[in-house]
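Raw protein23.txt, compact mmCIF, C-alpha atoms and all ligand atoms:
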```txt
# COMPACT_ATOMS: atom_id res chain seq x y z
CA MET A 304 23.62 -1.14 3.37
CA PRO A 305 20.57 -0.24 1.22
CA ALA A 306 19.25 -2.99 -1.06
CA GLN A 307 20.82 -2.73 -4.51
CA LEU A 308 17.95 -2.74 -7.00
CA LYS A 309 19.90 -3.59 -10.14
CA GLY A 310 19.76 -7.36 -10.58
CA SER A 311 17.65 -7.82 -7.44
CA THR A 312 14.33 -9.67 -7.30
CA ALA A 313 11.35 -7.59 -6.17
CA LEU A 314 7.91 -8.98 -5.35
CA VAL A 315 5.09 -6.47 -5.88
CA THR A 316 1.56 -7.30 -4.72
CA GLY A 317 -1.41 -5.50 -6.24
CA ALA A 318 0.59 -5.22 -9.47
CA THR A 319 -2.55 -4.86 -11.63
CA GLY A 320 -3.75 -1.76 -9.75
CA GLY A 321 -3.19 1.89 -10.57
CA ILE A 322 -0.33 2.34 -8.12
CA GLY A 323 1.02 -1.23 -8.39
CA GLN A 324 1.67 -0.89 -12.12
CA ALA A 325 3.64 2.32 -11.53
CA ILE A 326 5.68 0.59 -8.80
CA VAL A 327 6.46 -2.36 -11.09
CA ARG A 328 7.64 0.03 -13.82
CA ALA A 329 9.78 2.09 -11.44
CA LEU A 330 11.52 -0.98 -9.99
CA HIS A 331 12.00 -2.40 -13.48
CA ALA A 332 13.51 0.91 -14.65
CA ARG A 333 16.06 0.58 -11.83
CA GLY A 334 17.11 -2.83 -13.14
CA ALA A 335 15.16 -5.11 -10.80
CA ASN A 336 13.60 -8.41 -11.84
CA VAL A 337 9.98 -8.10 -10.77
CA ILE A 338 7.54 -10.77 -9.67
CA ALA A 339 4.18 -9.10 -10.28
CA THR A 340 1.25 -10.61 -8.42
CA ALA A 341 -2.52 -10.07 -8.22
CA ARG A 342 -5.64 -12.04 -9.19
CA ARG A 343 -6.33 -10.70 -12.71
CA THR A 344 -4.29 -12.97 -14.97
CA GLU A 345 -4.79 -11.07 -18.24
CA MET A 346 -3.58 -7.79 -16.79
CA LEU A 347 -0.53 -9.49 -15.28
CA ASP A 348 0.27 -11.13 -18.62
CA GLN A 349 -0.05 -7.78 -20.36
CA LEU A 350 2.40 -6.21 -17.90
CA ALA A 351 4.84 -9.07 -18.42
CA GLY A 352 4.41 -8.71 -22.19
CA ASP A 353 5.25 -4.99 -22.01
CA LEU A 354 8.35 -5.41 -19.83
CA ASP A 355 11.11 -8.00 -19.89
CA ARG A 356 12.23 -9.17 -16.42
CA VAL A 357 8.63 -9.21 -15.14
CA GLU A 358 7.21 -12.56 -14.03
CA PRO A 359 3.42 -12.73 -13.58
CA LEU A 360 2.17 -14.77 -10.64
CA VAL A 361 -1.50 -15.16 -9.79
CA ALA A 362 -2.44 -15.25 -6.09
CA ASP A 363 -5.47 -14.37 -4.00
CA LEU A 364 -4.14 -12.72 -0.84
CA SER A 365 -7.39 -13.39 1.03
CA ASP A 366 -6.44 -17.08 0.83
CA ALA A 367 -3.80 -18.00 3.44
CA ALA A 368 -2.55 -20.93 1.32
CA ASP A 369 -1.95 -18.61 -1.66
CA VAL A 370 0.07 -16.27 0.57
CA VAL A 371 2.32 -19.13 1.66
CA ALA A 372 2.68 -20.46 -1.91
CA LEU A 373 3.60 -17.02 -3.22
CA VAL A 374 6.93 -16.94 -1.41
CA PHE A 375 7.64 -20.59 -0.73
CA GLY A 376 11.20 -21.44 -1.81
CA ARG A 377 11.71 -18.08 -3.52
CA ARG A 378 14.54 -15.64 -3.02
CA VAL A 379 13.07 -12.15 -2.80
CA ASP A 380 15.27 -9.11 -2.10
CA VAL A 381 12.54 -6.47 -2.00
CA LEU A 382 8.90 -6.90 -1.01
CA VAL A 383 6.43 -4.17 -1.90
CA ALA A 384 3.17 -5.05 -0.09
CA ASN A 385 0.87 -2.78 -2.06
CA ALA A 386 -2.35 -4.77 -2.62
CA ALA A 387 -5.40 -3.59 -0.72
CA LEU A 388 -9.15 -3.36 -0.79
CA PRO A 389 -10.58 0.14 -0.31
CA ALA A 390 -12.80 -1.20 2.54
CA SER A 391 -14.70 2.07 2.56
CA GLY A 392 -18.13 2.65 4.08
CA ARG A 393 -19.58 2.70 7.56
CA LEU A 394 -19.00 -0.36 9.73
CA GLU A 395 -22.63 -1.53 9.71
CA SER A 396 -22.58 -1.72 5.89
CA PHE A 397 -20.01 -4.59 5.97
CA SER A 398 -20.76 -8.29 6.15
CA ASP A 399 -18.50 -10.36 8.44
CA GLU A 400 -16.94 -11.88 5.33
CA GLU A 401 -16.13 -8.46 3.86
CA ILE A 402 -14.44 -7.38 7.10
CA ASP A 403 -12.33 -10.56 7.14
CA ARG A 404 -11.33 -10.13 3.49
CA ALA A 405 -10.19 -6.53 4.10
CA LEU A 406 -8.17 -7.57 7.18
CA ASP A 407 -6.65 -10.51 5.30
CA VAL A 408 -5.63 -8.65 2.13
CA ASN A 409 -4.65 -5.32 3.68
CA LEU A 410 -2.97 -6.42 6.91
CA ARG A 411 -2.59 -10.17 7.39
CA ALA A 412 -0.97 -10.86 4.01
CA PRO A 413 1.72 -8.14 4.31
CA ILE A 414 2.67 -9.36 7.81
CA HIS A 415 2.90 -13.01 6.72
CA LEU A 416 4.82 -12.16 3.54
CA ALA A 417 7.30 -10.12 5.58
CA ARG A 418 7.58 -12.93 8.15
CA ALA A 419 8.40 -15.42 5.39
CA LEU A 420 10.94 -13.20 3.59
CA VAL A 421 12.79 -11.30 6.33
CA PRO A 422 14.92 -14.24 7.62
CA GLY A 423 16.48 -14.81 4.17
CA MET A 424 17.13 -11.09 3.79
CA VAL A 425 18.78 -10.91 7.23
CA GLU A 426 20.91 -13.94 6.42
CA ARG A 427 22.11 -12.24 3.22
CA GLY A 428 22.58 -8.95 5.07
CA THR A 429 20.52 -6.97 2.57
CA GLY A 430 16.89 -6.50 1.53
CA HIS A 431 13.91 -4.23 2.01
CA ILE A 432 10.26 -4.45 3.00
CA VAL A 433 7.97 -1.69 1.69
CA LEU A 434 4.43 -1.39 2.99
CA ILE A 435 1.91 0.80 1.19
CA SER A 436 -0.33 2.28 3.88
CA SER A 437 -2.26 5.54 3.38
CA LEU A 438 -2.78 8.86 5.13
CA SER A 439 -5.80 6.90 6.42
CA GLY A 440 -3.16 5.06 8.47
CA LYS A 441 -2.45 8.30 10.35
CA MET A 442 -5.83 10.04 10.33
CA ALA A 443 -9.14 8.26 11.02
CA SER A 444 -12.56 9.36 9.81
CA ALA A 445 -16.19 8.25 9.66
CA GLY A 446 -16.90 5.98 6.71
CA ALA A 447 -13.40 4.48 6.75
CA SER A 448 -13.30 2.53 10.03
CA VAL A 449 -12.32 -0.84 8.54
CA TYR A 450 -9.80 0.70 6.12
CA ASN A 451 -8.40 2.85 8.97
CA ALA A 452 -7.96 -0.28 11.10
CA THR A 453 -5.87 -1.98 8.42
CA LYS A 454 -3.81 1.08 7.48
CA PHE A 455 -3.10 2.14 11.11
CA GLY A 456 -2.11 -1.49 11.69
CA LEU A 457 0.38 -1.36 8.83
CA ARG A 458 1.87 1.83 10.24
CA GLY A 459 2.59 0.25 13.59
CA PHE A 460 3.89 -2.93 12.02
CA GLY A 461 6.15 -1.10 9.57
CA PHE A 462 7.72 1.22 12.13
CA ALA A 463 8.33 -1.59 14.59
CA LEU A 464 9.82 -3.76 11.85
CA ASN A 465 12.20 -0.98 10.84
CA GLU A 466 13.36 -0.84 14.48
CA GLU A 467 13.65 -4.63 14.76
CA LEU A 468 15.83 -4.72 11.65
CA ARG A 469 18.31 -2.07 12.80
CA GLY A 470 21.87 -3.19 12.19
CA THR A 471 20.90 -6.16 10.00
CA GLY A 472 21.38 -4.49 6.60
CA VAL A 473 17.64 -4.98 5.93
CA GLY A 474 15.31 -1.98 5.81
CA ALA A 475 11.59 -1.33 6.14
CA THR A 476 9.62 1.61 4.80
CA THR A 477 5.96 2.49 5.13
CA VAL A 478 4.55 4.79 2.46
CA PHE A 479 1.50 6.99 3.15
CA PRO A 480 -0.23 8.23 -0.01
CA GLY A 481 -3.00 10.85 0.19
CA PHE A 482 -5.51 11.15 -2.67
CA ILE A 483 -3.99 9.76 -5.89
CA ARG A 484 -5.28 11.03 -9.25
CA GLU A 485 -5.34 9.39 -12.70
CA ALA A 486 -5.43 5.73 -11.58
CA GLY A 487 -6.07 3.60 -8.52
CA MET A 488 -8.87 3.09 -6.03
CA PHE A 489 -9.63 6.76 -5.37
CA ALA A 490 -9.56 7.81 -9.05
CA ASP A 491 -11.69 4.75 -9.94
CA SER A 492 -14.34 5.81 -7.39
CA GLY A 493 -15.19 8.90 -9.47
CA ALA A 494 -15.60 10.96 -6.26
CA ARG A 495 -14.76 14.66 -6.52
CA LEU A 496 -12.60 16.36 -3.94
CA PRO A 497 -13.57 19.69 -2.35
CA ARG A 498 -11.82 22.61 -4.04
CA GLY A 499 -8.25 23.14 -2.86
CA VAL A 500 -7.56 19.54 -1.84
CA GLY A 501 -4.41 18.49 -3.71
CA THR A 502 -3.52 15.12 -5.18
CA ARG A 503 -0.44 13.16 -6.22
CA THR A 504 0.13 10.61 -9.01
CA PRO A 505 0.85 6.86 -8.98
CA GLU A 506 4.36 7.70 -10.22
CA ASP A 507 4.90 9.89 -7.14
CA VAL A 508 4.06 6.87 -4.95
CA ALA A 509 6.41 4.68 -7.00
CA GLN A 510 9.25 7.19 -6.59
CA ALA A 511 8.62 7.25 -2.82
CA VAL A 512 9.02 3.46 -2.82
CA ILE A 513 12.37 3.81 -4.58
CA ARG A 514 13.46 6.56 -2.17
CA GLY A 515 12.45 4.46 0.81
CA ILE A 516 14.60 1.58 -0.42
CA ASP A 517 17.59 3.76 -1.38
CA ARG A 518 17.62 5.66 1.94
CA ASN A 519 15.91 3.23 4.34
CA ARG A 520 13.46 5.89 5.42
CA PRO A 521 10.98 4.41 7.95
CA GLU A 522 8.05 6.54 6.77
CA ILE A 523 7.30 8.65 3.67
CA ASP A 524 4.16 10.72 2.99
CA VAL A 525 3.04 11.21 -0.61
CA ALA A 526 0.63 14.12 -0.32
CA PRO A 527 0.55 17.92 -0.44
CA LEU A 528 1.91 19.55 2.71
CA SER A 529 -1.55 20.67 3.90
CA LEU A 530 -2.92 17.09 3.90
CA ALA A 531 0.25 15.52 5.29
CA SER A 532 0.35 18.15 8.08
CA GLY A 533 -3.31 17.51 8.93
CA ALA A 534 -2.53 13.80 9.27
CA ARG A 535 0.43 14.54 11.54
CA LEU A 536 -1.59 16.95 13.67
CA PHE A 537 -4.25 14.22 14.03
CA GLY A 538 -1.69 12.31 16.12
CA PHE A 539 -1.70 15.13 18.71
CA ALA A 540 -5.23 16.48 18.46
CA PRO A 541 -7.57 13.99 16.76
CA ARG A 542 -10.83 15.64 17.80
CA LEU A 543 -9.68 19.07 16.65
CA VAL A 544 -8.62 17.75 13.24
CA SER A 545 -11.80 15.68 12.87
CA GLY A 546 -13.91 18.77 13.56
CA ILE A 547 -12.02 20.74 10.91
CA ASN A 548 -12.33 17.87 8.40
CA ARG A 549 -16.09 17.65 9.02
CA ARG A 550 -16.49 21.36 8.37
CA LEU A 551 -14.50 20.95 5.14
CA GLY A 552 -16.95 18.28 3.91
CA ALA A 553 -15.34 14.99 5.00
CA ASP A 554 -18.68 13.17 5.55
CA PRO A 555 -20.24 13.64 2.08
CA LEU A 556 -16.84 12.93 0.51
CA ALA A 557 -16.53 9.65 2.45
CA GLU A 558 -20.05 8.70 1.33
CA ALA A 559 -19.24 9.42 -2.34
CA ILE A 560 -16.00 7.42 -2.15
CA ALA A 561 -17.74 4.44 -0.50
CA LYS A 562 -20.47 4.49 -3.18
CA GLY A 563 -17.86 4.53 -5.95
CA GLN A 564 -15.85 1.70 -4.36
CA ARG A 565 -18.77 -0.59 -3.46
CA ASP A 566 -17.76 -3.09 -6.18
CA LYS A 567 -14.26 -3.56 -4.64
CA ARG A 568 -15.28 -5.34 -1.42
N1 LIG A 601 -5.42 5.33 -4.87
C1 LIG A 601 -5.30 6.08 -3.80
O1 LIG A 601 -5.74 7.25 -3.79
C2 LIG A 601 -4.60 5.54 -2.58
C3 LIG A 601 -4.44 6.42 -1.49
C4 LIG A 601 -3.80 5.94 -0.35
C5 LIG A 601 -3.32 4.65 -0.30
N2 LIG A 601 -3.54 3.83 -1.36
C6 LIG A 601 -3.01 2.47 -1.24
O2 LIG A 601 -2.23 2.16 -2.39
C7 LIG A 601 -2.26 0.76 -2.63
C8 LIG A 601 -2.62 0.49 -4.08
O3 LIG A 601 -3.94 0.97 -4.31
P1 LIG A 601 -4.49 1.36 -5.75
O4 LIG A 601 -5.01 2.73 -5.65
O5 LIG A 601 -3.54 1.00 -6.80
O6 LIG A 601 -5.78 0.38 -5.77
P2 LIG A 601 -6.39 -0.50 -6.94
O7 LIG A 601 -6.17 0.13 -8.27
O8 LIG A 601 -7.79 -0.81 -6.51
O9 LIG A 601 -5.50 -1.81 -6.86
C9 LIG A 601 -5.62 -2.73 -5.81
C10 LIG A 601 -4.71 -3.90 -6.11
O10 LIG A 601 -4.89 -4.88 -5.08
C11 LIG A 601 -5.11 -6.14 -5.69
N3 LIG A 601 -5.98 -6.99 -4.88
C12 LIG A 601 -7.20 -6.70 -4.38
N4 LIG A 601 -7.71 -7.78 -3.76
C13 LIG A 601 -6.78 -8.77 -3.87
C14 LIG A 601 -6.73 -10.11 -3.43
N5 LIG A 601 -7.75 -10.69 -2.77
N6 LIG A 601 -5.63 -10.84 -3.73
C15 LIG A 601 -4.61 -10.30 -4.42
N7 LIG A 601 -4.60 -9.02 -4.86
C16 LIG A 601 -5.68 -8.27 -4.58
C17 LIG A 601 -5.79 -5.82 -7.03
O11 LIG A 601 -5.53 -6.85 -7.97
P3 LIG A 601 -6.60 -7.88 -8.56
O12 LIG A 601 -7.94 -7.22 -8.53
O13 LIG A 601 -6.09 -8.16 -9.95
O14 LIG A 601 -6.47 -9.05 -7.65
C18 LIG A 601 -5.04 -4.56 -7.43
O15 LIG A 601 -3.86 -4.90 -8.11
C19 LIG A 601 -3.25 0.19 -1.62
O16 LIG A 601 -2.56 -0.32 -0.51
C20 LIG A 601 -4.06 1.39 -1.21
O17 LIG A 601 -4.65 1.24 0.06
C21 LIG A 601 -4.15 4.24 -2.49
```
Any chance you could put this one into structure tokens?
Amino acid sequence: MPAQLKGSTALVTGATGGIGQAIVRALHARGANVIATARRTEMLDQLAGDLDRVEPLVADLSDAADVVALVFGRRVDVLVANAALPASGRLESFSDEEIDRALDVNLRAPIHLARALVPGMVERGTGHIVLISSLSGKMASAGASVYNATKFGLRGFGFALNEELRGTGVGATTVFPGFIREAGMFADSGARLPRGVGTRTPEDVAQAVIRGIDRNRPEIDVAPLSLASGARLFGFAPRLVSGINRRLGADPLAEAIAKGQRDKR
């Protein structure tokens, strides 16, 4: 049975970000009580001031103790693990500490949050885990190795979890956004896409989250067909797709994105 959103409690990580805010609003519009978490207190308070039924909760997901404290003793019906660092740039440009922070926030925290919340959901026979990955979780490229590692990891985790939860009444969905315009880590980078590369909005991602919960879809892409198809083809012919991407300007684009996201390590 899909999780009923009206009256449920949803925990959204990365709630201060471009996509996180849209997800909080979409869940709230469906009648959920939302626990909105991130590090920036003022932005969380503003969100809670705008919307009733939103509880702000500050936590640093790179800190294992904060991850535990976030869910300790709480009933959560829906987890949306959305927080992430862009972790863009070539491997040698990262310090060891930056690599660890990206792994902790993007991959370790979602797994531990799910581990803490799933047993209660299974016991109640209803609930949903949503993981926000990226098309970078299906298609790897130079200048995104650390980000690719975390987002491919989420893909495997999310699909396996959906299988493990079969028959329990609890669902799991992994969402794969492409380039998102207007707000969020790509829009903030200021990088310009080659002509013809399409984008989607934060609201499109939020609606995919809702769809995933309503229909228990294991995976949902949020990207134009051309990009989503490229990512799927990568699974069969990675070198072919990489060659095409390079010819279309993937390397300078990756460099521009990494430059624009340098302050988010
Ligand atoms: N934007 C895109 O084009 C795009 C494309 C594909 C996938 N995605 C994925 O979509 C999700 C949301 O990204 P976005 O575009 O909304 O990015 P964003 O605007 O940069 O937001 C990132 C969020 O993560 C939180 N965060 C970062 N470090 C944290 C930490 N140590 N502890 C707790 N929270 C932390 C930030 O909150 P604080 O800074 O307040 O802590 C913020 O709320 C991510 O998983 C991202 O990988 C985005």
Selection as a PyMOL selection string: residues within 8 Å of ligand LIG 601 (chain A) by only C-alpha atoms and all ligand atoms: chain A and resi 316-324+340-344+346-347+361-366+384-389+404+408-409+434-439+450+454+479-484+486-491+505+567
Among the residues A:Asn548, A:Thr502, A:Gly392, A:Ala412, the one that comes closest to A:Gln564 [using all atoms listed in the file]: A:Gly392
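Computed from the coordinates, the atom CA of A:Val357 to atom CA of A:Val374 distance equals 15.8 Å.
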Which residue of A:Arg549, A:Val337, A:Ala452, A:Val473 approaches A:Arg518 most closely, using all atoms listed in the file: A:Val473
Near-A:Gly552 list (12 Å; all atoms listed in the file; drop same-chain fewer than 2 positions) as a PyMOL selection string: chain A and resi 444-445+495-498+500+545-550+554-559
Output file for the residues above (C-alpha atoms, as an mmCIF file, in the frame of the given file):
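As a result, out_13.cif now contains:
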```cif
data_model
loop_
_atom_site.group_PDB
_atom_site.id
_atom_site.type_symbol
_atom_site.label_atom_id
_atom_site.label_comp_id
_atom_site.auth_asym_id
_atom_site.auth_seq_id
_atom_site.Cartn_x
_atom_site.Cartn_y
_atom_site.Cartn_z
ATOM 1 C CA SER A 444 -12.560 9.360 9.810
ATOM 2 C CA ALA A 445 -16.190 8.250 9.660
ATOM 3 C CA ARG A 495 -14.760 14.660 -6.520
ATOM 4 C CA LEU A 496 -12.600 16.360 -3.940
ATOM 5 C CA PRO A 497 -13.570 19.690 -2.350
ATOM 6 C CA ARG A 498 -11.820 22.610 -4.040
ATOM 7 C CA VAL A 500 -7.560 19.540 -1.840
ATOM 8 C CA SER A 545 -11.800 15.680 12.870
ATOM 9 C CA GLY A 546 -13.910 18.770 13.560
ATOM 10 C CA ILE A 547 -12.020 20.740 10.910
ATOM 11 C CA ASN A 548 -12.330 17.870 8.400
ATOM 12 C CA ARG A 549 -16.090 17.650 9.020
ATOM 13 C CA ARG A 550 -16.490 21.360 8.370
ATOM 14 C CA ASP A 554 -18.680 13.170 5.550
ATOM 15 C CA PRO A 555 -20.240 13.640 2.080
ATOM 16 C CA LEU A 556 -16.840 12.930 0.510
ATOM 17 C CA ALA A 557 -16.530 9.650 2.450
ATOM 18 C CA GLU A 558 -20.050 8.700 1.330
ATOM 19 C CA ALA A 559 -19.240 9.420 -2.340
#
```
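As for atom CA of A:Leu354 and atom CA of A:Ile326, they are spaced 12.8 Å apart.
Checking A:Val544, A:Ala526, A:Ile513, A:Leu373 one by one against A:Gly334, counting all atoms listed in the file, you find the shortest gap at A:Ile513.
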Interatomic distance, atom CA of A:Pro527 to atom CA of A:Val508 (Å, one decimal): 12.4 Å
Nearby residues (all atoms listed in the file) at most 10 Å from A:Leu394, same-chain spacing under 6 positions excluded, as a PyMOL selection string: chain A and resi 402+445-450
